[in-house]
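The structure appears right after this line, and notes come after that.
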Amino acid sequence: MPILHSRVSKSTMPNEERDVRSRLAKIISSRGLLRGTLQERELTCGKSNCKCARGDKHRYLYLVVSDEGKLCQVLIPRSKETEVRQWVKQYQQARELLEEISDLYRSQIKKQKG
């Protein structure tokens with residue numbers, strides 16, 4: 001088990017940590033990370049002759065994110081939906097991998113303590 005240092009070389013890093021860091025680096029180096037939650041909404045516009053008045057509602061995608069304690073909602077244009085979905089997914093994957101690294105170090109501290 002490596003001693004806790006501010007910088008750890010890859011050669012002395014456990015395989016599990018090296019693997020997680022490699023996956024994290026791949027995500028971070030790709031284009032686009034976006035924090036937030038995607039929310040689909042179906043709405044009616046109120047026009048009596050519109051398709052939504054017959055039940056075929058308009059579909060919108062919003063990015064919802066907390067900014068300084070306030071919820072911010074951004075309408076995502078249809079042309080950007082696929083790209084924005086990928087950015088949100090990559091952010092979530094990066095966050096999960098950071099948690100894995102944190103868990104590895106937490107377990108190191110517990111082992112060294114005892």
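Labels used: A, B, ... for chains in the order of the structure tokens, numbers from 1 for residues in each chain, and numbers from 1 for ligands as shown.
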Inset, instruction - Enumerate as a VMD selection string all residues of segment 42-93 of chain A assigned to helix (DSSP H, G or I) by DSSP on the backbone, naming them with the chain letters and numbers the document uses. - result: chain A and resid 51 to 54 78 to 93
Inset, instruction - Name the residues in contact with segment 91-96 of chain A at a cut-off of 7 Å, using only C-alpha atoms, excluding same-chain residues fewer than 4 positions from it; report them as a PyMOL selection string. - result: chain A and resi 24+27+33-35+87+100
For the residues selected in the previous step, produce a file with C-alpha atoms as a JSON list (two decimals), in the first residue's frame.
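The resulting part35.json:
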[["chain", "number", "residue", "atom", "x", "y", "z"],
["A", 24, "LEU", "CA", -11.47, 9.48, -15.39],
["A", 27, "ILE", "CA", -13.77, 11.28, -19.71],
["A", 33, "LEU", "CA", -18.92, 17.96, -19.11],
["A", 34, "LEU", "CA", -22.16, 19.46, -17.86],
["A", 35, "ARG", "CA", -23.55, 19.37, -14.32],
["A", 87, "TRP", "CA", -22.23, 15.98, -21.60],
["A", 100, "GLU", "CA", -14.28, 5.65, -6.33]]
Inset, instruction - Mind checking which residues fall within 10 Å of segment 43-45 of chain A, counting only C-alpha atoms, ignoring those fewer than 2 positions away in the same chain, and posting them as a list in words? - result: Glu40, Arg41, Lys47, Ser48, Cys50, Lys51, Cys52, Ala53, Arg54, Gly55, Asp56, Lys57, His58, Arg59 and Tyr60 of chain A
Grab the residues selected above and save them as a PDB file, in the first residue's frame with C-alpha atoms.
ATOM      1  CA  GLU A  40     -38.515  16.332 -20.235  1.00  0.00           C
ATOM      2  CA  ARG A  41     -41.808  18.196 -20.197  1.00  0.00           C
ATOM      3  CA  LYS A  47     -54.133  27.246 -29.343  1.00  0.00           C
ATOM      4  CA  SER A  48     -57.426  25.478 -30.012  1.00  0.00           C
ATOM      5  CA  CYS A  50     -52.983  22.988 -32.497  1.00  0.00           C
ATOM      6  CA  LYS A  51     -52.105  19.285 -32.365  1.00  0.00           C
ATOM      7  CA  CYS A  52     -51.492  19.616 -28.619  1.00  0.00           C
ATOM      8  CA  ALA A  53     -55.178  20.430 -28.069  1.00  0.00           C
ATOM      9  CA  ARG A  54     -55.912  16.938 -29.446  1.00  0.00           C
ATOM     10  CA  GLY A  55     -53.505  15.292 -27.011  1.00  0.00           C
ATOM     11  CA  ASP A  56     -50.235  15.345 -28.982  1.00  0.00           C
ATOM     12  CA  LYS A  57     -48.409  17.699 -26.602  1.00  0.00           C
ATOM     13  CA  HIS A  58     -45.265  19.687 -27.366  1.00  0.00           C
ATOM     14  CA  ARG A  59     -42.154  18.059 -25.905  1.00  0.00           C
ATOM     15  CA  TYR A  60     -39.366  20.157 -24.389  1.00  0.00           C
TER      16      TYR A  60
END
Legend entry - Every residue of segment 1-113 of chain A that DSSP places in strand (DSSP E), as a VMD selection string: chain A and resid 37 to 43 58 to 67 70 to 76
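Between Ser29 of chain A and the candidates A:Gln90, A:Val74, A:Ile101, A:Ile109, the tightest atom-to-atom separation, counting only C-alpha atoms, involves A:Gln90.
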Inset, instruction - Point out the residue among A:Leu98, A:Leu38, A:Met13, A:Val20 with the least atom-to-atom distance to Gln73 of chain A, counting only C-alpha atoms. - result: A:Leu38
